[in-house]
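Engineer: Hey, dropping work.cif in here, mmCIF, C-alpha atoms:
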```
data_query
loop_
_atom_site.group_PDB
_atom_site.id
_atom_site.type_symbol
_atom_site.label_atom_id
_atom_site.label_comp_id
_atom_site.auth_asym_id
_atom_site.auth_seq_id
_atom_site.Cartn_x
_atom_site.Cartn_y
_atom_site.Cartn_z
ATOM 1 C CA ALA A 1 46.943 155.157 203.723
ATOM 2 C CA PRO A 2 49.829 155.674 206.159
ATOM 3 C CA PRO A 3 53.018 153.618 205.567
ATOM 4 C CA GLU A 4 52.316 151.247 208.471
ATOM 5 C CA ARG A 5 48.831 150.545 207.059
ATOM 6 C CA ARG A 6 50.271 149.809 203.603
ATOM 7 C CA SER A 7 52.850 147.502 205.204
ATOM 8 C CA ALA A 8 50.145 145.607 207.104
ATOM 9 C CA LEU A 9 48.098 145.206 203.958
ATOM 10 C CA SER A 10 51.157 144.010 202.058
ATOM 11 C CA GLY A 11 51.972 141.489 204.774
ATOM 12 C CA ARG A 12 48.398 140.256 204.888
ATOM 13 C CA SER A 13 48.334 139.888 201.105
ATOM 14 C CA ALA A 14 51.592 137.928 201.159
ATOM 15 C CA ARG A 15 50.247 135.562 203.824
ATOM 16 C CA THR A 16 47.026 135.041 201.861
ATOM 17 C CA CYS A 17 48.985 134.338 198.690
ATOM 18 C CA GLU A 18 51.189 131.831 200.533
ATOM 19 C CA ARG A 19 48.119 130.122 201.958
ATOM 20 C CA ILE A 20 46.685 129.747 198.459
ATOM 21 C CA LEU A 21 49.962 128.319 197.172
ATOM 22 C CA ASP A 22 50.177 125.895 200.112
ATOM 23 C CA ALA A 23 46.636 124.697 199.411
ATOM 24 C CA ALA A 24 47.294 124.400 195.685
ATOM 25 C CA GLY A 25 50.461 122.406 196.284
ATOM 26 C CA ASP A 26 48.533 119.972 198.482
ATOM 27 C CA CYS A 27 45.784 119.631 195.863
ATOM 28 C CA PHE A 28 48.194 119.144 192.959
ATOM 29 C CA ALA A 29 50.173 116.569 194.911
ATOM 30 C CA ALA A 30 47.045 114.642 195.921
ATOM 31 C CA ALA A 31 45.009 114.711 192.694
ATOM 32 C CA GLY A 32 47.327 116.011 189.992
ATOM 33 C CA PHE A 33 47.109 119.243 188.064
ATOM 34 C CA ALA A 34 44.425 118.179 185.566
ATOM 35 C CA LYS A 35 41.956 117.008 188.223
ATOM 36 C CA THR A 36 42.404 119.961 190.561
ATOM 37 C CA THR A 37 39.972 122.864 190.254
ATOM 38 C CA VAL A 38 40.305 126.463 191.410
ATOM 39 C CA ASP A 39 37.231 125.886 193.595
ATOM 40 C CA GLU A 40 39.060 123.073 195.425
ATOM 41 C CA VAL A 41 42.120 125.252 195.932
ATOM 42 C CA ALA A 42 39.933 128.051 197.343
ATOM 43 C CA VAL A 43 38.124 125.702 199.742
ATOM 44 C CA ARG A 44 41.378 124.174 200.979
ATOM 45 C CA ALA A 45 42.913 127.643 201.455
ATOM 46 C CA GLY A 46 39.807 128.896 203.274
ATOM 47 C CA VAL A 47 39.291 131.807 200.884
ATOM 48 C CA SER A 48 36.776 132.715 198.199
ATOM 49 C CA LYS A 49 37.253 131.729 194.565
ATOM 50 C CA ALA A 50 37.167 135.423 193.689
ATOM 51 C CA LEU A 51 40.093 136.079 196.012
ATOM 52 C CA VAL A 52 42.108 133.328 194.330
ATOM 53 C CA TYR A 53 41.491 135.042 190.997
ATOM 54 C CA HIS A 54 42.501 138.351 192.561
ATOM 55 C CA TYR A 55 46.025 136.963 192.978
ATOM 56 C CA PHE A 56 46.236 134.554 190.034
ATOM 57 C CA THR A 57 44.831 134.607 186.504
ATOM 58 C CA GLY A 58 44.036 130.893 186.570
ATOM 59 C CA LYS A 59 45.118 127.391 187.504
ATOM 60 C CA GLU A 60 48.180 127.465 185.224
ATOM 61 C CA ALA A 61 49.426 130.630 186.945
ATOM 62 C CA ILE A 62 48.918 128.997 190.353
ATOM 63 C CA LEU A 63 50.902 125.918 189.290
ATOM 64 C CA ASP A 64 53.662 128.115 187.906
ATOM 65 C CA ALA A 65 53.902 130.020 191.201
ATOM 66 C CA VAL A 66 53.870 126.796 193.254
ATOM 67 C CA LEU A 67 56.671 125.313 191.169
ATOM 68 C CA GLN A 68 58.744 128.494 191.225
ATOM 69 C CA ARG A 69 58.481 128.615 195.022
ATOM 70 C CA THR A 70 59.457 124.952 195.263
ATOM 71 C CA VAL A 71 62.467 125.490 193.008
ATOM 72 C CA ALA A 72 63.578 128.482 195.105
ATOM 73 C CA GLU A 73 63.308 126.504 198.358
ATOM 74 C CA TRP A 74 65.137 123.545 196.836
ATOM 75 C CA GLU A 75 67.939 125.767 195.545
ATOM 76 C CA ARG A 76 68.350 127.601 198.840
ATOM 77 C CA LEU A 77 68.550 124.336 200.738
ATOM 78 C CA THR A 78 71.187 122.794 198.490
ATOM 79 C CA ILE A 79 73.403 125.791 197.793
ATOM 80 C CA ASP A 80 73.432 126.878 201.459
ATOM 81 C CA GLU A 81 74.858 123.471 202.384
ATOM 82 C CA ILE A 82 77.542 123.621 199.677
ATOM 83 C CA ALA A 83 78.498 127.198 200.561
ATOM 84 C CA ALA A 84 78.901 126.463 204.290
ATOM 85 C CA THR A 85 82.275 127.662 205.530
ATOM 86 C CA ASP A 86 82.925 124.836 207.984
ATOM 87 C CA GLY A 87 83.571 121.184 207.262
ATOM 88 C CA SER A 88 85.249 119.420 204.376
ATOM 89 C CA VAL A 89 84.106 119.764 200.774
ATOM 90 C CA LEU A 90 82.948 116.151 200.707
ATOM 91 C CA GLY A 91 81.165 116.618 204.029
ATOM 92 C CA ARG A 92 79.301 119.666 202.731
ATOM 93 C CA ILE A 93 78.321 117.895 199.508
ATOM 94 C CA ALA A 94 77.122 114.881 201.509
ATOM 95 C CA GLN A 95 75.029 117.105 203.764
ATOM 96 C CA MET A 96 73.579 118.843 200.695
ATOM 97 C CA HIS A 97 72.599 115.467 199.295
ATOM 98 C CA ARG A 98 70.948 114.363 202.544
ATOM 99 C CA ALA A 99 69.126 117.668 203.009
ATOM 100 C CA CYS A 100 67.858 117.563 199.436
ATOM 101 C CA MET A 101 66.528 114.033 199.921
ATOM 102 C CA ALA A 102 64.799 115.083 203.132
ATOM 103 C CA TYR A 103 63.182 118.022 201.336
ATOM 104 C CA ALA A 104 61.985 115.800 198.490
ATOM 105 C CA GLY A 105 60.390 113.515 201.052
ATOM 106 C CA LYS A 106 58.285 116.311 202.526
ATOM 107 C CA ALA A 107 57.568 118.230 199.295
ATOM 108 C CA PRO A 108 55.441 115.954 197.092
ATOM 109 C CA VAL A 109 54.769 118.832 194.696
ATOM 110 C CA LEU A 110 58.381 118.365 193.597
ATOM 111 C CA ARG A 111 57.070 115.422 191.572
ATOM 112 C CA ALA A 112 55.300 117.898 189.290
ATOM 113 C CA ILE A 113 58.610 119.474 188.319
ATOM 114 C CA LEU A 114 60.198 116.148 187.425
ATOM 115 C CA GLU A 115 57.131 114.645 185.722
ATOM 116 C CA PHE A 116 55.945 117.723 183.828
ATOM 117 C CA ASP A 117 56.587 117.530 180.079
ATOM 118 C CA PRO A 118 59.967 119.340 179.716
ATOM 119 C CA ARG A 119 58.878 120.879 176.421
ATOM 120 C CA ILE A 120 55.993 122.571 178.220
ATOM 121 C CA LEU A 121 57.805 123.286 181.468
ATOM 122 C CA LEU A 122 60.735 125.063 179.832
ATOM 123 C CA GLY A 123 58.346 127.608 178.340
ATOM 124 C CA THR A 124 57.001 128.614 181.754
ATOM 125 C CA GLY A 125 58.385 130.780 184.523
ATOM 126 C CA ALA A 126 58.893 127.638 186.591
ATOM 127 C CA GLY A 127 60.826 125.991 183.773
ATOM 128 C CA ARG A 128 63.116 128.971 183.396
ATOM 129 C CA ALA A 129 63.555 129.143 187.161
ATOM 130 C CA MET A 130 64.422 125.431 187.280
ATOM 131 C CA LYS A 131 66.987 125.791 184.505
ATOM 132 C CA GLN A 132 68.611 128.805 186.184
ATOM 133 C CA SER A 133 68.554 127.076 189.571
ATOM 134 C CA MET A 134 70.270 123.971 188.196
ATOM 135 C CA GLU A 135 72.924 126.149 186.587
ATOM 136 C CA ARG A 136 73.610 127.950 189.881
ATOM 137 C CA LEU A 137 73.766 124.619 191.701
ATOM 138 C CA ARG A 138 76.171 123.238 189.089
ATOM 139 C CA ALA A 139 78.371 126.333 189.456
ATOM 140 C CA ALA A 140 78.360 126.030 193.270
ATOM 141 C CA LEU A 141 79.360 122.373 193.023
ATOM 142 C CA GLU A 142 82.118 123.205 190.548
ATOM 143 C CA ASP A 143 83.504 125.907 192.866
ATOM 144 C CA ALA A 144 83.459 123.443 195.775
ATOM 145 C CA ILE A 145 85.287 120.797 193.727
ATOM 146 C CA ARG A 146 87.950 123.312 192.671
ATOM 147 C CA SER A 147 88.366 124.311 196.315
ATOM 148 C CA GLY A 148 88.755 120.670 197.331
ATOM 149 C CA VAL A 149 91.325 120.054 194.611
ATOM 150 C CA GLY A 150 93.240 123.157 195.680
ATOM 151 C CA SER A 151 93.303 122.108 199.331
ATOM 152 C CA GLY A 152 94.393 118.549 198.504
ATOM 153 C CA GLU A 153 91.186 117.028 199.886
ATOM 154 C CA LEU A 154 90.225 115.843 196.393
ATOM 155 C CA ARG A 155 92.242 114.231 193.619
ATOM 156 C CA ALA A 156 94.411 116.658 191.688
ATOM 157 C CA ASP A 157 93.447 115.207 188.302
ATOM 158 C CA LEU A 158 89.713 115.862 188.619
ATOM 159 C CA ASP A 159 87.896 117.878 185.964
ATOM 160 C CA ALA A 160 85.796 120.103 188.257
ATOM 161 C CA ALA A 161 83.203 120.948 185.592
ATOM 162 C CA ARG A 162 82.531 117.305 184.702
ATOM 163 C CA VAL A 163 82.517 116.156 188.330
ATOM 164 C CA ALA A 164 79.965 118.862 189.167
ATOM 165 C CA ARG A 165 77.700 117.601 186.383
ATOM 166 C CA VAL A 166 78.034 113.992 187.571
ATOM 167 C CA LEU A 167 77.123 115.026 191.121
ATOM 168 C CA LEU A 168 74.140 117.024 189.862
ATOM 169 C CA VAL A 169 72.858 114.150 187.707
ATOM 170 C CA THR A 170 73.293 111.756 190.647
ATOM 171 C CA GLN A 171 71.403 114.093 192.951
ATOM 172 C CA LEU A 172 68.513 114.450 190.496
ATOM 173 C CA ALA A 173 68.360 110.685 190.001
ATOM 174 C CA PHE A 174 68.104 110.070 193.752
ATOM 175 C CA VAL A 175 65.389 112.711 194.116
ATOM 176 C CA GLU A 176 63.431 111.320 191.179
ATOM 177 C CA HIS A 177 63.538 107.799 192.611
ATOM 178 C CA SER A 178 62.519 109.088 196.040
ATOM 179 C CA LEU A 179 59.350 110.453 194.425
ATOM 180 C CA ASP A 180 58.736 107.388 192.274
ATOM 181 C CA PRO A 181 60.293 104.300 193.918
ATOM 182 C CA ALA A 182 58.814 101.809 191.420
ATOM 183 C CA TRP A 183 62.245 100.823 190.083
ATOM 184 C CA VAL A 184 64.624 101.766 192.886
ATOM 185 C CA ASP A 185 63.529 102.625 196.419
ATOM 186 C CA VAL A 186 66.032 105.127 197.797
ATOM 187 C CA SER A 187 64.190 105.652 201.081
ATOM 188 C CA ASP A 188 66.755 103.383 202.768
ATOM 189 C CA GLU A 189 69.287 105.722 204.364
ATOM 190 C CA ALA A 190 71.976 103.047 204.086
ATOM 191 C CA LEU A 191 71.516 103.078 200.315
ATOM 192 C CA VAL A 192 72.018 106.839 200.231
ATOM 193 C CA GLU A 193 75.163 106.533 202.336
ATOM 194 C CA THR A 194 76.473 103.725 200.108
ATOM 195 C CA GLY A 195 75.993 105.920 197.063
ATOM 196 C CA LEU A 196 77.886 108.760 198.706
ATOM 197 C CA ASP A 197 80.681 106.403 199.770
ATOM 198 C CA ILE A 198 81.135 105.098 196.233
ATOM 199 C CA LEU A 199 81.211 108.618 194.803
ATOM 200 C CA PHE A 200 83.571 109.989 197.403
ATOM 201 C CA ARG A 201 86.065 107.124 197.159
ATOM 202 C CA GLY A 202 86.526 108.163 193.558
ATOM 203 C CA LEU A 203 86.945 111.844 194.435
ATOM 204 C CA ALA A 204 89.078 111.791 197.570
ATOM 205 C CA GLY A 205 92.750 112.699 197.457
ATOM 206 C CA PRO A 206 95.497 110.102 198.136
ATOM 207 C CA SER A 207 95.721 110.921 201.834
ATOM 208 C CA ARG A 208 92.058 110.064 202.489
#
```
What is this file in structure tokens?

Structural biologist:
Amino acid sequence: APPERRSALSGRSARTCERILDAAGDCFAAAGFAKTTVDEVAVRAGVSKALVYHYFTGKEAILDAVLQRTVAEWERLTIDEIAATDGSVLGRIAQMHRACMAYAGKAPVLRAILEFDPRILLGTGAGRAMKQSMERLRAALEDAIRSGVGSGELRADLDAARVARVLLVTQLAFVEHSLDPAWVDVSDEALVETGLDILFRGLAGPSR
């Protein structure tokens, strides 16, 4: 087939695969992984069951792909905000936090990442992707903290590595509670802003 034909087929295949993953994410979020069948994913995606199996070996492979895509989107969203060239370090971190919360609110499949048994998840492609993503996010936060210390925006006595870990743990805690508000409901924007204010008062340099 000519190159343009191969490209069209590749694009069509990618769109079909994305449609299957979108449908699977909706099914997993609504009914959970155990109760979702490949037939239901196929019906929701508007494709045949055979076509689903053409792209994926089974339900576990579909879940793995859904989670890996979610992790990649989550990472891009957060790291892009931290790496922005304009604005203060604290402003960029605050925007990262808000954007991450907004993403968690519209991506219910994120619950699967946080609720999946870590011992099982870490052995999957999604688990490895999550671990690598969290490490890149931690490194981006650490670089931002060092930059803020160097510019005088943040306290000079901060341990950038430890602060980055505290910020990452705080972010994960807020996201987890946004998905399961039984104990603490973080949907109140004022609560999010209060949390950021408390954190940033401890990080800001003497002139702020």

Engineer: Pick the closest to Gly152 in chain A from A:Met96, A:Ala139, A:Leu90, A:Ala173: which is it, counting all atoms listed in the file?

Structural biologist: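 The answer is A:Leu90, which sits nearest to Gly152 in chain A.
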
Engineer: Would you kindly translate the PyMOL selection byres ((chain A and resi 8-21) around 10) into the concrete residues it picks from this file, as a PyMOL selection string?

Structural biologist: chain A and resi 3-7+22-27+41-47+51-52+54-56+62-67+69

Engineer: What does the distance from CA of Leu199 in chain A to CA of Gln171 in chain A come to in Å, to one decimal?

Structural biologist: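 If I compute the distance from CA of Leu199 in chain A to CA of Gln171 in chain A, I get 11.4 Å.
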
Engineer: For the file shown, report as a list in words the outcome of the PyMOL selection byres ((chain A and resi 161-170) around 7) at residue level.

Structural biologist: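 Listing what the PyMOL selection byres ((chain A and resi 161-170) around 7) selects in the shown file: Arg138, Leu141, Glu142, Asp159, Ala160, Gln171, Leu172, Ala173 and Phe174 of chain A.
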
Engineer: Counting all atoms listed in the file, which residue out of A:Val38, A:Val184, A:Leu191, A:Leu77 sits closest to Tyr103 in chain A?

Structural biologist: A:Leu77

Engineer: What separation in Å, quoted to one decimal, exists between CA of Val186 in chain A and CA of Gly105 in chain A?

Structural biologist: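 These two atoms are separated by 10.6 Å.
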
Engineer: Expressed in Å to a single decimal, how great is the separation between CA of Asp157 in chain A and CA of Ala144 in chain A?

Structural biologist: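 Between these atoms lies a distance of 14.9 Å.
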
Engineer: If we draw a sphere of 12 Å around (76.4, 110.1, 204.2), which residues have at least one atom in it when counting only C-alpha atoms? Please report them as a count of residues only.

Structural biologist: 24

Engineer: Counting all atoms listed in the file, write as a VMD selection string all protein and nucleic acid residues lying at most 12 Å from (95.5, 120.7, 200.6) in the file's frame.

Structural biologist: chain A and resid 88 to 89 146 to 156 204 to 208

Engineer: Write out, as an mmCIF file, keeping the file's coordinate frame, the residues just selected, with C-alpha atoms.

Structural biologist:
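selection.cif, freshly written:
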```
data_model
loop_
_atom_site.group_PDB
_atom_site.id
_atom_site.type_symbol
_atom_site.label_atom_id
_atom_site.label_comp_id
_atom_site.auth_asym_id
_atom_site.auth_seq_id
_atom_site.Cartn_x
_atom_site.Cartn_y
_atom_site.Cartn_z
ATOM 1 C CA SER A 88 85.249 119.420 204.376
ATOM 2 C CA VAL A 89 84.106 119.764 200.774
ATOM 3 C CA ARG A 146 87.950 123.312 192.671
ATOM 4 C CA SER A 147 88.366 124.311 196.315
ATOM 5 C CA GLY A 148 88.755 120.670 197.331
ATOM 6 C CA VAL A 149 91.325 120.054 194.611
ATOM 7 C CA GLY A 150 93.240 123.157 195.680
ATOM 8 C CA SER A 151 93.303 122.108 199.331
ATOM 9 C CA GLY A 152 94.393 118.549 198.504
ATOM 10 C CA GLU A 153 91.186 117.028 199.886
ATOM 11 C CA LEU A 154 90.225 115.843 196.393
ATOM 12 C CA ARG A 155 92.242 114.231 193.619
ATOM 13 C CA ALA A 156 94.411 116.658 191.688
ATOM 14 C CA ALA A 204 89.078 111.791 197.570
ATOM 15 C CA GLY A 205 92.750 112.699 197.457
ATOM 16 C CA PRO A 206 95.497 110.102 198.136
ATOM 17 C CA SER A 207 95.721 110.921 201.834
ATOM 18 C CA ARG A 208 92.058 110.064 202.489
#
```

Engineer: If I wrap all listed atoms of range 22-27 of chain A in a box with edges along x, y and z and add 3 Å on each side, what are its centre and edge lengths in Å to one decimal, as lines of an AutoDock Vina configuration file?

Structural biologist:
```
center_x = 48.1
center_y = 122.8
center_z = 197.9
size_x = 10.7
size_y = 12.3
size_z = 10.4
```

Engineer: List the neighbours of Ile79 in chain A out to 9 Å using all atoms listed in the file; skip same-chain residues closer than 5 positions along the sequence, and give me the result as a PyMOL selection string.

Structural biologist: chain A and resi 74+84+96+136-137+140-141

Engineer: Given the choices A:Gly202, A:Thr37, A:Ile145, A:Thr70, which gets closest to Lys106 in chain A if the distance is worked out from all atoms listed in the file?

Structural biologist: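 Of all the options, A:Thr70 lies closest to Lys106 in chain A.
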